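Colleague: This one is start02.cif, mmCIF, C-alpha atoms.
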data_coords
loop_
_atom_site.label_atom_id
_atom_site.label_comp_id
_atom_site.auth_asym_id
_atom_site.auth_seq_id
_atom_site.Cartn_x
_atom_site.Cartn_y
_atom_site.Cartn_z
CA MET A 1 -3.25 28.72 -5.96
CA GLN A 2 -1.96 27.95 -2.47
CA HIS A 3 -1.06 24.31 -1.75
CA LEU A 4 -3.34 22.98 1.01
CA ARG A 5 -0.75 20.58 2.53
CA ARG A 6 -3.48 18.46 4.15
CA MET A 7 -1.04 16.13 5.93
CA THR A 8 0.99 18.67 7.90
CA GLU A 9 2.07 17.23 11.26
CA ARG A 10 0.47 13.86 10.46
CA VAL A 11 2.56 10.68 10.60
CA VAL A 12 2.11 8.00 7.94
CA LEU A 13 3.65 4.52 7.97
CA ILE A 14 4.21 2.95 4.54
CA THR A 15 5.35 -0.66 4.21
CA GLY A 16 7.49 -1.87 1.32
CA GLY A 17 9.09 1.57 1.37
CA GLY A 18 11.81 0.75 -1.15
CA GLY A 19 9.39 -0.21 -3.93
CA GLY A 20 8.17 2.01 -6.73
CA ILE A 21 4.53 2.17 -5.68
CA ALA A 22 5.42 2.95 -2.07
CA ARG A 23 7.91 5.56 -3.26
CA GLY A 24 5.21 7.30 -5.29
CA ILE A 25 2.76 7.21 -2.38
CA ALA A 26 5.44 8.56 -0.03
CA ARG A 27 6.15 11.42 -2.44
CA ALA A 28 2.46 12.35 -2.49
CA PHE A 29 2.33 12.43 1.32
CA ALA A 30 5.61 14.34 1.61
CA ASP A 31 4.28 16.94 -0.81
CA GLU A 32 1.30 17.36 1.53
CA GLY A 33 3.55 17.94 4.54
CA ALA A 34 3.40 14.51 6.22
CA ARG A 35 6.10 13.02 8.39
CA ILE A 36 6.89 9.60 7.00
CA MET A 37 7.92 6.24 8.40
CA LEU A 38 9.12 3.64 5.92
CA THR A 39 9.62 -0.05 6.59
CA ASP A 40 11.09 -2.66 4.26
CA LEU A 41 13.04 -5.89 4.37
CA PHE A 42 15.65 -4.44 2.01
CA PRO A 43 17.42 -1.25 3.21
CA GLU A 44 18.94 -0.13 -0.11
CA GLY A 45 15.71 0.80 -1.87
CA MET A 46 14.28 2.29 1.31
CA GLU A 47 17.34 4.53 1.71
CA LYS A 48 16.88 5.71 -1.89
CA THR A 49 13.28 6.64 -1.08
CA ARG A 50 14.31 8.40 2.13
CA GLN A 51 16.95 10.52 0.43
CA MET A 52 14.57 11.43 -2.40
CA LEU A 53 11.92 12.62 0.06
CA ILE A 54 14.46 14.73 1.91
CA ASP A 55 15.98 16.23 -1.24
CA ASP A 56 12.70 16.94 -3.05
CA PHE A 57 10.41 17.91 -0.17
CA GLY A 58 12.52 18.46 2.92
CA ALA A 59 10.47 15.73 4.57
CA GLU A 60 11.17 14.21 7.95
CA VAL A 61 11.63 10.49 7.29
CA PHE A 62 12.24 7.59 9.68
CA THR A 63 13.22 4.17 8.32
CA TYR A 64 13.25 0.74 9.92
CA VAL A 65 14.35 -2.55 8.41
CA ALA A 66 11.71 -5.17 9.22
CA ASP A 67 10.43 -8.44 7.83
CA GLY A 68 6.65 -8.06 7.68
CA SER A 69 6.17 -11.80 8.03
CA ARG A 70 7.73 -11.71 11.52
CA GLU A 71 5.39 -10.29 14.13
CA GLU A 72 8.09 -9.33 16.60
CA GLU A 73 9.89 -7.26 13.94
CA VAL A 74 6.69 -5.48 12.94
CA LYS A 75 5.89 -4.67 16.58
CA ALA A 76 9.42 -3.33 17.10
CA ALA A 77 9.22 -1.22 13.92
CA ILE A 78 5.96 0.42 14.96
CA GLU A 79 7.18 1.09 18.48
CA ALA A 80 10.38 2.65 17.13
CA GLY A 81 8.46 4.87 14.74
CA VAL A 82 6.06 6.07 17.41
CA ALA A 83 8.98 6.72 19.77
CA HIS A 84 10.57 8.85 17.06
CA PHE A 85 7.50 10.84 15.96
CA GLY A 86 5.32 10.62 19.06
CA LYS A 87 2.23 9.32 17.27
CA LEU A 88 0.86 7.44 14.27
CA ASN A 89 -2.03 8.68 12.10
CA ILE A 90 -2.09 6.53 8.96
CA VAL A 91 -0.92 3.01 8.09
CA ILE A 92 -0.54 2.00 4.43
CA ASN A 93 0.08 -1.70 3.86
CA ASN A 94 1.66 -1.88 0.41
CA ALA A 95 4.34 -4.59 0.71
CA GLN A 96 3.74 -7.89 -1.09
CA ALA A 97 5.85 -10.62 -2.70
CA SER A 98 4.54 -13.59 -4.67
CA ALA A 99 5.35 -16.43 -7.03
CA SER A 100 3.29 -14.90 -9.84
CA GLY A 101 3.56 -16.58 -13.22
CA LYS A 102 2.99 -20.09 -11.91
CA THR A 103 -0.31 -21.86 -12.41
CA LEU A 104 -2.19 -23.06 -9.35
CA VAL A 105 -1.02 -26.67 -9.75
CA GLU A 106 2.57 -25.54 -10.24
CA HIS A 107 2.55 -23.77 -6.90
CA SER A 108 4.30 -25.44 -3.99
CA LYS A 109 3.35 -24.75 -0.40
CA GLU A 110 6.52 -22.69 -0.16
CA ASP A 111 5.39 -20.57 -3.14
CA PHE A 112 2.00 -20.06 -1.53
CA ASP A 113 3.59 -19.14 1.78
CA ILE A 114 5.58 -16.34 0.13
CA ALA A 115 2.40 -14.48 -0.78
CA ILE A 116 0.45 -15.26 2.37
CA HIS A 117 3.23 -14.35 4.79
CA SER A 118 4.54 -11.24 2.99
CA GLY A 119 1.05 -9.89 2.26
CA LEU A 120 -1.76 -11.23 4.41
CA TYR A 121 0.18 -11.92 7.60
CA ALA A 122 2.22 -8.72 7.29
CA THR A 123 -0.94 -6.65 6.89
CA PHE A 124 -2.45 -8.40 9.91
CA TYR A 125 0.64 -7.75 12.05
CA TYR A 126 0.90 -4.07 11.08
CA MET A 127 -2.79 -3.49 11.73
CA LYS A 128 -2.79 -5.35 15.03
CA HIS A 129 0.21 -3.54 16.49
CA ALA A 130 -0.70 -0.13 15.07
CA PHE A 131 -4.21 -0.25 16.54
CA PRO A 132 -3.43 1.23 19.98
CA TYR A 133 -1.76 4.25 18.36
CA LEU A 134 -4.44 4.67 15.67
CA LYS A 135 -7.03 4.58 18.43
CA GLU A 136 -5.32 7.56 20.07
CA THR A 137 -5.29 9.61 16.86
CA GLN A 138 -8.57 8.32 15.37
CA GLY A 139 -6.48 7.37 12.39
CA SER A 140 -6.83 5.56 9.09
CA VAL A 141 -5.69 2.32 7.47
CA ILE A 142 -5.21 1.89 3.73
CA ASN A 143 -4.54 -1.65 2.55
CA PHE A 144 -3.62 -2.71 -0.95
CA ALA A 145 -5.40 -5.45 -2.87
CA SER A 146 -5.47 -6.29 -6.58
CA GLY A 147 -7.63 -6.97 -9.57
CA ALA A 148 -5.80 -10.30 -9.71
CA GLY A 149 -8.04 -11.60 -6.95
CA ILE A 150 -11.23 -9.91 -8.07
CA SER A 151 -10.92 -10.95 -11.71
CA GLY A 152 -9.10 -14.26 -11.16
CA ASN A 153 -6.00 -13.52 -13.22
CA PRO A 154 -4.31 -16.72 -14.44
CA GLY A 155 -0.92 -17.40 -12.89
CA GLN A 156 -1.61 -15.47 -9.72
CA SER A 157 -3.39 -17.89 -7.40
CA SER A 158 -1.30 -17.28 -4.27
CA TYR A 159 -1.12 -13.53 -4.89
CA ALA A 160 -4.89 -13.38 -5.45
CA ALA A 161 -5.53 -15.42 -2.30
CA ALA A 162 -3.41 -13.07 -0.20
CA LYS A 163 -5.02 -9.96 -1.65
CA GLU A 164 -8.59 -11.23 -1.22
CA GLY A 165 -7.71 -12.22 2.34
CA ILE A 166 -6.57 -8.66 2.93
CA ARG A 167 -9.87 -7.34 1.59
CA GLY A 168 -11.90 -9.57 3.89
CA MET A 169 -9.79 -8.71 6.92
CA SER A 170 -10.08 -5.00 6.11
CA ARG A 171 -13.86 -5.15 6.12
CA VAL A 172 -13.87 -6.86 9.51
CA ALA A 173 -11.48 -4.24 10.89
CA ALA A 174 -13.69 -1.46 9.51
CA ALA A 175 -16.61 -2.92 11.45
CA GLU A 176 -14.66 -3.53 14.66
CA TRP A 177 -12.73 -0.26 14.66
CA GLY A 178 -15.53 2.06 13.54
CA PRO A 179 -16.51 2.87 17.15
CA TYR A 180 -12.99 4.29 17.62
CA ASN A 181 -13.39 6.48 14.51
CA ILE A 182 -10.69 4.53 12.67
CA ASN A 183 -11.59 4.09 9.02
CA VAL A 184 -10.17 1.17 7.02
CA ASN A 185 -10.23 0.99 3.23
CA VAL A 186 -8.65 -0.95 0.38
CA VAL A 187 -7.08 0.35 -2.83
CA CYS A 188 -6.87 -1.78 -5.98
CA PRO A 189 -4.42 0.01 -8.27
CA LEU A 190 -3.36 -0.32 -11.88
CA VAL A 191 -0.01 1.41 -11.90
CA MET A 192 3.10 1.70 -14.02
CA THR A 193 6.14 0.18 -12.34
CA GLU A 194 9.70 -0.55 -13.45
CA LYS A 195 8.82 -4.24 -13.64
CA LEU A 196 5.76 -3.55 -15.80
CA ALA A 197 7.76 -1.27 -18.08
CA ALA A 198 10.41 -3.98 -18.53
CA TRP A 199 7.71 -6.54 -19.31
CA GLY A 200 6.23 -4.14 -21.85
CA ARG A 201 9.56 -3.84 -23.66
CA GLU A 202 9.77 -7.62 -23.86
CA ASN A 203 6.10 -8.07 -24.86
CA PRO A 204 5.15 -4.95 -26.84
CA GLU A 205 2.08 -6.41 -28.56
CA MET A 206 0.56 -7.70 -25.33
CA PHE A 207 1.46 -4.43 -23.59
CA GLU A 208 -0.39 -2.41 -26.23
CA LYS A 209 -3.38 -4.75 -26.06
CA ASN A 210 -3.59 -4.31 -22.29
CA LEU A 211 -3.17 -0.56 -22.63
CA HIS A 212 -6.06 -0.30 -25.10
CA ALA A 213 -8.29 -2.13 -22.60
CA ILE A 214 -7.94 0.79 -20.17
CA PRO A 215 -10.66 3.39 -20.89
CA LEU A 216 -8.41 6.28 -19.85
CA GLY A 217 -5.71 4.94 -22.14
CA ARG A 218 -2.79 4.81 -19.72
CA TYR A 219 -1.43 3.09 -16.65
CA GLY A 220 -1.66 4.95 -13.36
CA ASP A 221 1.14 7.02 -11.88
CA ALA A 222 2.18 5.91 -8.40
CA GLU A 223 2.47 9.46 -7.06
CA LYS A 224 -0.11 11.47 -8.97
CA ASP A 225 -2.87 8.84 -9.22
CA ILE A 226 -2.41 6.21 -6.50
CA GLY A 227 -0.77 8.53 -3.99
CA LYS A 228 -3.45 11.22 -4.31
CA VAL A 229 -6.22 8.68 -3.67
CA CYS A 230 -4.35 7.56 -0.55
CA ILE A 231 -4.11 11.21 0.53
CA PHE A 232 -7.88 11.49 0.31
CA LEU A 233 -8.51 8.22 2.17
CA GLY A 234 -6.15 9.27 4.94
CA SER A 235 -7.57 12.78 5.21
CA TYR A 236 -10.36 14.13 7.38
CA ASP A 237 -12.44 14.50 4.21
CA ALA A 238 -12.74 10.70 3.96
CA LYS A 239 -13.54 9.84 7.57
CA TYR A 240 -17.02 8.62 6.59
CA VAL A 241 -15.56 6.28 3.97
CA SER A 242 -14.80 2.88 5.50
CA GLY A 243 -14.85 -0.79 4.56
CA ASP A 244 -14.73 0.05 0.86
CA THR A 245 -12.54 -1.08 -2.02
CA ILE A 246 -11.47 1.82 -4.23
CA PHE A 247 -10.54 0.87 -7.81
CA VAL A 248 -7.84 3.18 -9.18
CA GLN A 249 -7.58 1.50 -12.56
CA GLY A 250 -8.41 4.07 -15.20
CA GLY A 251 -11.88 2.65 -15.73
CA SER A 252 -10.75 -0.95 -16.29
CA GLY A 253 -11.98 -2.03 -12.87
CA MET A 254 -15.62 -1.10 -13.41
CA LYS A 255 -17.96 -3.17 -11.26
CA PRO A 256 -21.78 -3.27 -11.03
#
Re-express the file's structure as structure tokens.
Modeller:
Amino acid sequence: MQHLRRMTERVVLITGGGGGIARGIARAFADEGARIMLTDLFPEGMEKTRQMLIDDFGAEVFTYVADGSREEEVKAAIEAGVAHFGKLNIVINNAQASASGKTLVEHSKEDFDIAIHSGLYATFYYMKHAFPYLKETQGSVINFASGAGISGNPGQSSYAAAKEGIRGMSRVAAAEWGPYNINVNVVCPLVMTEKLAAWGRENPEMFEKNLHAIPLGRYGDAEKDIGKVCIFLGSYDAKYVSGDTIFVQGGSGMKP
């Protein structure tokens, strides 16, 4: 069967481009023919992603080192990417750091700021400065949230606060940007990462317990599961989907 390559000639910006989830999403888009812009604070992982996309898919990839918590760096990154590719169709806000593992009362303001600035503020800055270009292409925004905020996971107060802030901001943007045919959605993933795998090796009983709580019996794959949902949300097929939160959690995120 012929591969559709739904993203040919489309330009997608993915933040946190050196991380495992972003790498999987980028692979999914490269496989569909997209041209890809990666941003990250740390160049080493981003360069690994870039080279992988070139070697495996022959993708055209542009990278830019930027701190998402600094508005001027985000603005410069977007302008550089648009100058390189000539347009911007899709923005995926994936980057997030946090002081997870600390209870709420153990958090300092500095701990809280890590999550808010790297996640909520970064998402705000990327959306704000991408808007003029997304308006031209009638593009799409895909923001990442988490079950940590929806379910109130212990030890993740600042992370949950940032992610729920992103969800609220995304709904407002969906309402404000709808007249420009820009759709904005949120993905809540449950995905296997290197960090999760390492935790599983250290805590095998808890890992198995969590695994059995997933109806589909496995953690998601960043490329095949999360990436493919992002492909749909960024495609023309999903242009009437906006302001929604999509749970990609193998059935564990069921909501009424």
Colleague: If we count all atoms listed in the file and set the cut-off at 9 Å, which residues sit around Leu38 of chain A, ignoring sequence neighbours fewer than 2 positions away in its own chain? Please answer as a list in words.
Modeller: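 My list of contacting residues is Val12, Leu13, Ile14, Thr15, Gly16, Gly17, Gly18, Ala22, Ala26, Ile36, Asp40, Met46, Thr49, Arg50, Val61, Phe62, Thr63, Tyr64, Val65 and Gly81 of chain A.
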Colleague: Could you please determine the separation between atom CA of Ser108 of chain A and atom CA of Asn94 of chain A in Å, to one decimal place?
Modeller: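 Atom-to-atom, atom CA of Ser108 of chain A and atom CA of Asn94 of chain A are spaced 24.1 Å apart.
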Colleague: Extract, using only C-alpha atoms, all DNA, RNA and protein residues at most 8 Å from Cys230 of chain A, discarding same-chain residues fewer than 4 positions from it, and format them as an NGL selection string.
Modeller: :A and (25 or 142 or 226 or 234)
Colleague: Which residues fall under the PyMOL selection byres ((chain A and resi 156) around 9) in this file, as a list in words?
Modeller: Ser98, Ala99, Ser100, Gly101, Lys102, Thr103, Leu104, Ala148, Gly149, Gly152, Asn153, Pro154, Gly155, Ser157, Ser158, Tyr159, Ala160 and Ala161 of chain A
Colleague: Check the smallest atom-to-atom distance from each of A:Ala174, A:Ile166, A:Val91, A:Ala130 to Glu79 of chain A using all atoms listed in the file, then report the winner.
Modeller: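 Closest candidate: A:Ala130.
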Colleague: What is the distance, in Å and to one decimal place, between atom CA of Asn203 of chain A and atom CA of Glu106 of chain A?
Modeller: 23.1 Å
Colleague: Report the distance between atom CA of His117 of chain A and atom CA of Phe42 of chain A in Å, rounded to one decimal place.
Modeller: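 Rounded to one decimal, the two atoms are 16.1 Å apart.
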Colleague: Writing N, CA and C atoms and nothing else, produce segment 154-177 of chain A as a compact mmCIF listing (two decimals), in the first residue's frame.
Modeller:
# COMPACT_ATOMS: atom_id res chain seq x y z
N PRO A 154 0.36 12.51 43.27
CA PRO A 154 1.21 12.98 44.37
C PRO A 154 2.64 13.24 43.90
N GLY A 155 3.25 14.27 44.45
CA GLY A 155 4.64 14.58 44.13
C GLY A 155 4.83 15.37 42.85
N GLN A 156 3.74 15.85 42.27
CA GLN A 156 3.86 16.56 41.00
C GLN A 156 3.06 17.86 40.98
N SER A 157 3.07 18.57 42.09
CA SER A 157 2.22 19.77 42.19
C SER A 157 2.61 20.85 41.18
N SER A 158 3.89 21.16 41.06
CA SER A 158 4.29 22.22 40.13
C SER A 158 4.12 21.78 38.69
N TYR A 159 4.45 20.53 38.42
CA TYR A 159 4.28 19.97 37.07
C TYR A 159 2.81 19.98 36.68
N ALA A 160 1.95 19.54 37.60
CA ALA A 160 0.51 19.51 37.35
C ALA A 160 -0.03 20.91 37.12
N ALA A 161 0.44 21.87 37.92
CA ALA A 161 -0.01 23.26 37.77
C ALA A 161 0.35 23.81 36.40
N ALA A 162 1.57 23.54 35.95
CA ALA A 162 2.00 24.01 34.63
C ALA A 162 1.16 23.37 33.53
N LYS A 163 0.94 22.07 33.64
CA LYS A 163 0.22 21.36 32.59
C LYS A 163 -1.26 21.76 32.54
N GLU A 164 -1.89 21.97 33.69
CA GLU A 164 -3.28 22.41 33.68
C GLU A 164 -3.39 23.85 33.19
N GLY A 165 -2.37 24.66 33.48
CA GLY A 165 -2.33 26.01 32.92
C GLY A 165 -2.26 25.98 31.40
N ILE A 166 -1.47 25.05 30.88
CA ILE A 166 -1.37 24.90 29.42
C ILE A 166 -2.71 24.50 28.83
N ARG A 167 -3.43 23.61 29.51
CA ARG A 167 -4.74 23.19 29.00
C ARG A 167 -5.71 24.37 28.96
N GLY A 168 -5.74 25.17 30.02
CA GLY A 168 -6.64 26.31 30.04
C GLY A 168 -6.29 27.33 28.97
N MET A 169 -5.01 27.62 28.82
CA MET A 169 -4.57 28.57 27.81
C MET A 169 -4.88 28.06 26.40
N SER A 170 -4.77 26.76 26.20
CA SER A 170 -5.05 26.18 24.88
C SER A 170 -6.51 26.35 24.50
N ARG A 171 -7.40 26.19 25.47
CA ARG A 171 -8.82 26.35 25.17
C ARG A 171 -9.14 27.80 24.80
N VAL A 172 -8.52 28.74 25.50
CA VAL A 172 -8.72 30.16 25.16
C VAL A 172 -8.20 30.44 23.76
N ALA A 173 -7.03 29.92 23.43
CA ALA A 173 -6.47 30.14 22.10
C ALA A 173 -7.36 29.52 21.03
N ALA A 174 -7.91 28.34 21.32
CA ALA A 174 -8.81 27.71 20.34
C ALA A 174 -10.01 28.61 20.04
N ALA A 175 -10.52 29.27 21.08
CA ALA A 175 -11.65 30.18 20.89
C ALA A 175 -11.25 31.44 20.14
N GLU A 176 -10.10 32.00 20.51
CA GLU A 176 -9.66 33.26 19.90
C GLU A 176 -9.15 33.07 18.48
N TRP A 177 -8.54 31.93 18.19
CA TRP A 177 -7.90 31.73 16.90
C TRP A 177 -8.76 30.96 15.91
